[in-house]
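Reproduced below: entry-v7.txt, with compact mmCIF, C-alpha atoms.
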```
# COMPACT_ATOMS: atom_id res chain seq x y z
CA MET A 28 75.53 -78.10 -29.03
CA LEU A 29 77.08 -75.97 -31.78
CA GLN A 30 74.74 -77.65 -34.26
CA ASN A 31 71.75 -76.75 -32.06
CA LEU A 32 72.96 -73.17 -31.83
CA MET A 33 73.39 -72.94 -35.60
CA THR A 34 69.94 -74.43 -36.15
CA GLY A 35 68.49 -71.95 -33.65
CA LEU A 36 70.24 -69.09 -35.41
CA SER A 37 68.88 -70.14 -38.80
CA VAL A 38 65.36 -70.51 -37.39
CA LEU A 39 65.63 -67.02 -35.95
CA GLN A 40 66.98 -65.66 -39.24
CA SER A 41 64.06 -67.23 -41.07
CA LEU A 42 61.62 -65.81 -38.51
CA ALA A 43 63.23 -62.37 -38.79
CA GLY A 44 62.79 -62.49 -42.56
CA LYS A 45 59.22 -63.76 -42.65
CA SER A 46 57.60 -62.46 -39.43
CA PRO A 47 59.87 -59.94 -37.68
CA GLU A 48 57.01 -58.83 -35.42
CA LEU A 49 57.24 -62.21 -33.66
CA LEU A 50 60.81 -61.58 -32.51
CA ASP A 51 59.56 -59.53 -29.57
CA PHE A 52 56.94 -62.03 -28.39
CA HIS A 53 58.64 -62.08 -24.99
CA GLU A 54 57.29 -58.57 -24.35
CA ASP A 55 53.85 -60.17 -24.07
CA LEU A 56 55.20 -62.40 -21.29
CA GLY A 57 56.19 -59.64 -18.89
CA SER A 58 54.99 -61.57 -15.83
CA LEU A 59 56.66 -64.84 -16.81
CA GLU A 60 59.62 -64.47 -14.46
CA ALA A 61 57.35 -63.71 -11.49
CA ALA A 62 55.02 -66.56 -12.50
CA SER A 63 57.94 -68.98 -12.69
CA LYS A 64 58.54 -68.36 -8.98
CA LEU A 65 55.00 -69.29 -7.96
CA GLN A 66 54.54 -72.50 -6.03
CA LEU A 67 50.94 -73.58 -6.55
CA LYS A 68 51.15 -76.20 -3.81
CA ALA A 69 52.18 -73.54 -1.29
CA LEU A 70 49.37 -71.27 -2.52
CA ALA A 71 46.89 -74.12 -2.07
CA GLU A 72 48.10 -74.69 1.48
CA GLU A 73 47.79 -70.99 2.30
CA GLN A 74 44.33 -70.82 0.75
CA GLN A 75 43.22 -73.84 2.79
CA ALA A 76 44.63 -72.25 5.97
CA VAL A 77 42.56 -69.11 5.30
CA VAL A 78 39.41 -71.20 4.76
CA LYS A 79 40.02 -73.17 7.98
CA GLY A 80 40.69 -69.94 9.87
CA LEU A 81 37.37 -68.56 8.73
CA GLU A 82 35.66 -71.79 9.79
CA LYS A 83 37.17 -71.40 13.27
CA VAL A 84 35.84 -67.84 13.49
CA GLU A 85 32.38 -69.18 12.55
CA GLN A 86 32.68 -71.78 15.32
CA GLU A 87 33.60 -69.02 17.79
CA LEU A 88 30.52 -67.09 16.77
CA THR A 89 28.33 -70.15 17.31
CA ALA A 90 29.94 -70.87 20.69
CA SER A 91 29.53 -67.26 21.83
CA GLU A 92 25.75 -67.40 21.36
CA SER A 93 25.44 -69.38 24.56
CA ASP A 94 27.31 -66.67 26.51
CA GLY A 95 24.24 -64.47 26.72
CA PRO A 96 24.24 -60.68 26.79
CA VAL A 97 27.84 -60.51 28.09
CA SER A 98 29.28 -61.21 24.65
CA GLU A 99 26.68 -59.39 22.56
CA VAL A 100 29.16 -56.73 21.31
CA PHE A 101 31.70 -59.48 20.57
CA ARG A 102 29.13 -61.45 18.54
CA LYS A 103 28.10 -58.35 16.59
CA THR A 104 31.71 -57.54 15.73
CA LEU A 105 32.45 -61.16 14.83
CA LYS A 106 29.34 -61.33 12.63
CA GLU A 107 30.38 -58.17 10.74
CA PHE A 108 33.86 -59.60 10.27
CA LEU A 109 32.47 -62.91 9.00
CA ASP A 110 30.14 -61.19 6.56
CA ALA A 111 32.96 -59.13 5.04
CA SER A 112 35.72 -61.73 5.13
CA GLY A 113 33.45 -64.59 4.03
CA ALA A 114 32.96 -62.88 0.67
CA ASP A 115 36.71 -62.28 0.40
CA VAL A 116 37.51 -65.91 1.20
CA ARG A 117 34.99 -67.17 -1.36
CA SER A 118 36.52 -64.82 -3.92
CA LEU A 119 40.01 -66.06 -3.00
CA SER A 120 38.89 -69.68 -3.36
CA ALA A 121 37.36 -68.97 -6.76
CA LEU A 122 40.55 -67.25 -7.89
CA TYR A 123 42.64 -70.19 -6.75
CA VAL A 124 40.42 -72.60 -8.70
CA GLU A 125 40.81 -70.38 -11.78
CA VAL A 126 44.60 -70.27 -11.35
CA GLY A 127 44.63 -74.07 -11.15
CA ARG A 128 42.57 -74.40 -14.32
CA SER A 129 44.77 -71.89 -16.15
CA ALA A 130 47.94 -73.66 -15.03
CA ASP A 131 46.57 -77.00 -16.22
CA ALA A 132 45.47 -75.43 -19.51
CA LEU A 133 48.97 -74.05 -20.03
CA SER A 134 50.52 -77.48 -19.49
CA LEU A 135 48.00 -79.03 -21.87
CA TYR A 136 48.64 -76.30 -24.45
CA PHE A 137 52.26 -77.39 -24.58
CA GLY A 138 51.24 -81.03 -24.83
CA GLU A 139 52.08 -81.99 -21.27
CA ASP A 140 50.09 -83.86 -18.64
CA PRO A 141 49.52 -81.38 -15.77
CA ALA A 142 49.83 -84.20 -13.23
CA LYS A 143 53.28 -85.16 -14.54
CA TYR A 144 54.52 -81.75 -15.69
CA PRO A 145 53.19 -79.16 -13.24
CA PHE A 146 52.88 -75.45 -13.81
CA GLU A 147 56.17 -74.68 -12.08
CA GLN A 148 58.08 -76.79 -14.62
CA VAL A 149 56.16 -75.34 -17.56
CA ALA A 150 56.84 -71.77 -16.41
CA SER A 151 60.51 -72.54 -15.77
CA THR A 152 60.89 -74.14 -19.20
CA LEU A 153 59.21 -71.16 -20.86
CA LEU A 154 61.46 -68.75 -18.97
CA THR A 155 64.53 -70.68 -20.09
CA PHE A 156 63.28 -70.74 -23.69
CA VAL A 157 62.63 -67.00 -23.70
CA GLY A 158 66.11 -66.35 -22.31
CA LEU A 159 67.77 -68.56 -24.93
CA PHE A 160 65.61 -67.08 -27.70
CA ARG A 161 66.59 -63.54 -26.72
CA LYS A 162 70.26 -64.51 -26.49
CA ALA A 163 70.17 -66.14 -29.93
CA HIS A 164 68.40 -63.08 -31.35
CA GLU A 165 71.06 -60.79 -29.88
CA GLU A 166 73.76 -63.03 -31.38
CA ASN A 167 72.04 -62.79 -34.76
CA LEU A 168 71.98 -59.02 -34.53
CA LYS A 169 75.68 -58.96 -33.61
CA GLN A 170 76.48 -61.29 -36.52
CA ILE A 171 74.51 -59.13 -38.95
CA GLU A 172 76.29 -56.02 -37.67
CA ALA A 173 79.71 -57.71 -37.98
CA GLU A 174 78.89 -58.80 -41.54
CA ARG A 175 77.73 -55.29 -42.39
CA LYS A 176 80.97 -53.78 -41.03
CA LYS A 177 83.04 -56.36 -42.91
CA ALA A 178 81.24 -55.60 -46.17
CA LEU A 179 81.70 -51.88 -45.56
CA LYS A 180 85.45 -52.34 -44.95
CA GLU A 181 85.77 -54.45 -48.08
CA ALA A 182 83.91 -51.84 -50.11
CA GLU A 183 86.17 -49.10 -48.71
CA LYS A 184 89.24 -51.20 -49.49
CA GLU A 185 88.09 -51.74 -53.08
CA ALA A 186 87.29 -48.07 -53.45
CA SER A 187 90.72 -47.05 -52.15
CA GLN A 188 92.41 -49.51 -54.53
CA ASP A 189 90.46 -48.03 -57.41
CA ARG A 190 91.83 -44.56 -56.51
CA THR A 191 95.46 -45.63 -56.04
CA PRO A 192 97.52 -44.70 -59.10
CA VAL A 193 99.22 -47.62 -60.68
CA LYS A 194 102.43 -46.86 -62.60
CA SER A 195 102.44 -47.98 -66.18
CA LYS A 196 105.35 -49.71 -67.86
CA ASP A 197 106.68 -46.38 -69.16
CA GLY A 198 106.76 -44.90 -65.64
CA GLY A 199 103.78 -42.56 -66.01
CA ALA A 200 100.48 -42.80 -64.22
CA ASP A 201 98.14 -45.51 -65.39
CA ARG A 202 95.30 -44.20 -67.54
CA SER A 203 93.20 -47.36 -67.30
CA PRO A 204 89.46 -47.06 -66.63
CA ARG A 205 89.92 -47.75 -62.91
CA SER A 206 92.57 -45.07 -62.49
CA PRO A 207 91.54 -41.63 -61.30
CA PHE A 208 94.39 -40.09 -63.32
CA LYS A 209 92.88 -40.26 -66.82
```
Would you mind writing the structure in this file as structure tokens?
Amino acid sequence: MLQNLMTGLSVLQSLAGKSPELLDFHEDLGSLEAASKLQLKALAEEQQAVVKGLEKVEQELTASESDGPVSEVFRKTLKEFLDASGADVRSLSALYVEVGRSADALSLYFGEDPAKYPFEQVASTLLTFVGLFRKAHEENLKQIEAERKKALKEAEKEASQDRTPVKSKDGGADRSPRSPFK
């Protein structure tokens, strides 16, 4: 695991040196966490329930035609509802088909078979990767800052040693080039 972490750190360091603009790629994936919680199977079931519900309303409209003038207002209202909601349901169905295609395309993009590696797994894996990537990047930044502070301390230590008078053999202050007492 330590080897993997070190490899990840060096990959990030290389990326930071060559293409630092890529280090914030996760900002382009703002909806990834919400997407990782989607259950496409549940969405499909809900979409099918809406379609079946609309079909039942259409059956009610057909059945009410034999009721005569008693249900004329009901039929008119039902017809208006069907006209408006029918377009919405068709739009919903088209959106669901597009979501399915996009989910499959995402799996394929990462070299996975959508039937064996569904969208939910792909999104979860991506979310995990982004989290680990960000953590490794933060660790790199901390390491760089620690190294910078260490180098600064060492430079201060060297500078203070250069200013410290060193007594010569005869007891006077050292007049060597590094001594401030020339």
Notebook entry, point to check: If we count only C-alpha atoms, what is near Leu67 of chain A at a cut-off of 12 Å, once residues fewer than 4 positions away on the same chain are taken out, given as a list in words?
Noted result: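 The contact residues come out as Ala62, Ser63, Ala71, Glu72, Glu73, Gln74, Tyr123, Val124, Glu125, Val126, Gly127, Arg128, Ser129, Ala130, Asp131, Pro145, Phe146, Glu147, Gln148 and Ala150 of chain A.
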Next item on the list: Report the distance between atom CA of Leu122 of chain A and atom CA of Leu65 of chain A in Å, rounded to one decimal place.
Entry: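 Atom CA of Leu65 of chain A lies at a distance of 14.6 Å from atom CA of Leu122 of chain A.
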Quick one: everything within 10 Å of Glu82 of chain A, counting all atoms listed in the file, minus sequence neighbours fewer than 5 positions away in the same chain. Send it as a PDB file with C-alpha atoms, in the frame of the given file.
```
ATOM      1  CA  ALA A  76      44.630 -72.250   5.970  1.00  0.00           C
ATOM      2  CA  VAL A  77      42.560 -69.110   5.300  1.00  0.00           C
ATOM      3  CA  GLU A  87      33.600 -69.020  17.790  1.00  0.00           C
ATOM      4  CA  LEU A  88      30.520 -67.090  16.770  1.00  0.00           C
ATOM      5  CA  LEU A 109      32.470 -62.910   9.000  1.00  0.00           C
ATOM      6  CA  GLY A 113      33.450 -64.590   4.030  1.00  0.00           C
TER       7      GLY A 113
END
```
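Computed from the coordinates, the atom CA of Leu59 of chain A to atom CA of Gln75 of chain A distance equals 25.4 Å.
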Next item on the list: May I ask for the distance between atom CA of Leu56 of chain A and atom CA of Glu165 of chain A, given in Å to one decimal place?
Entry: 18.1 Å
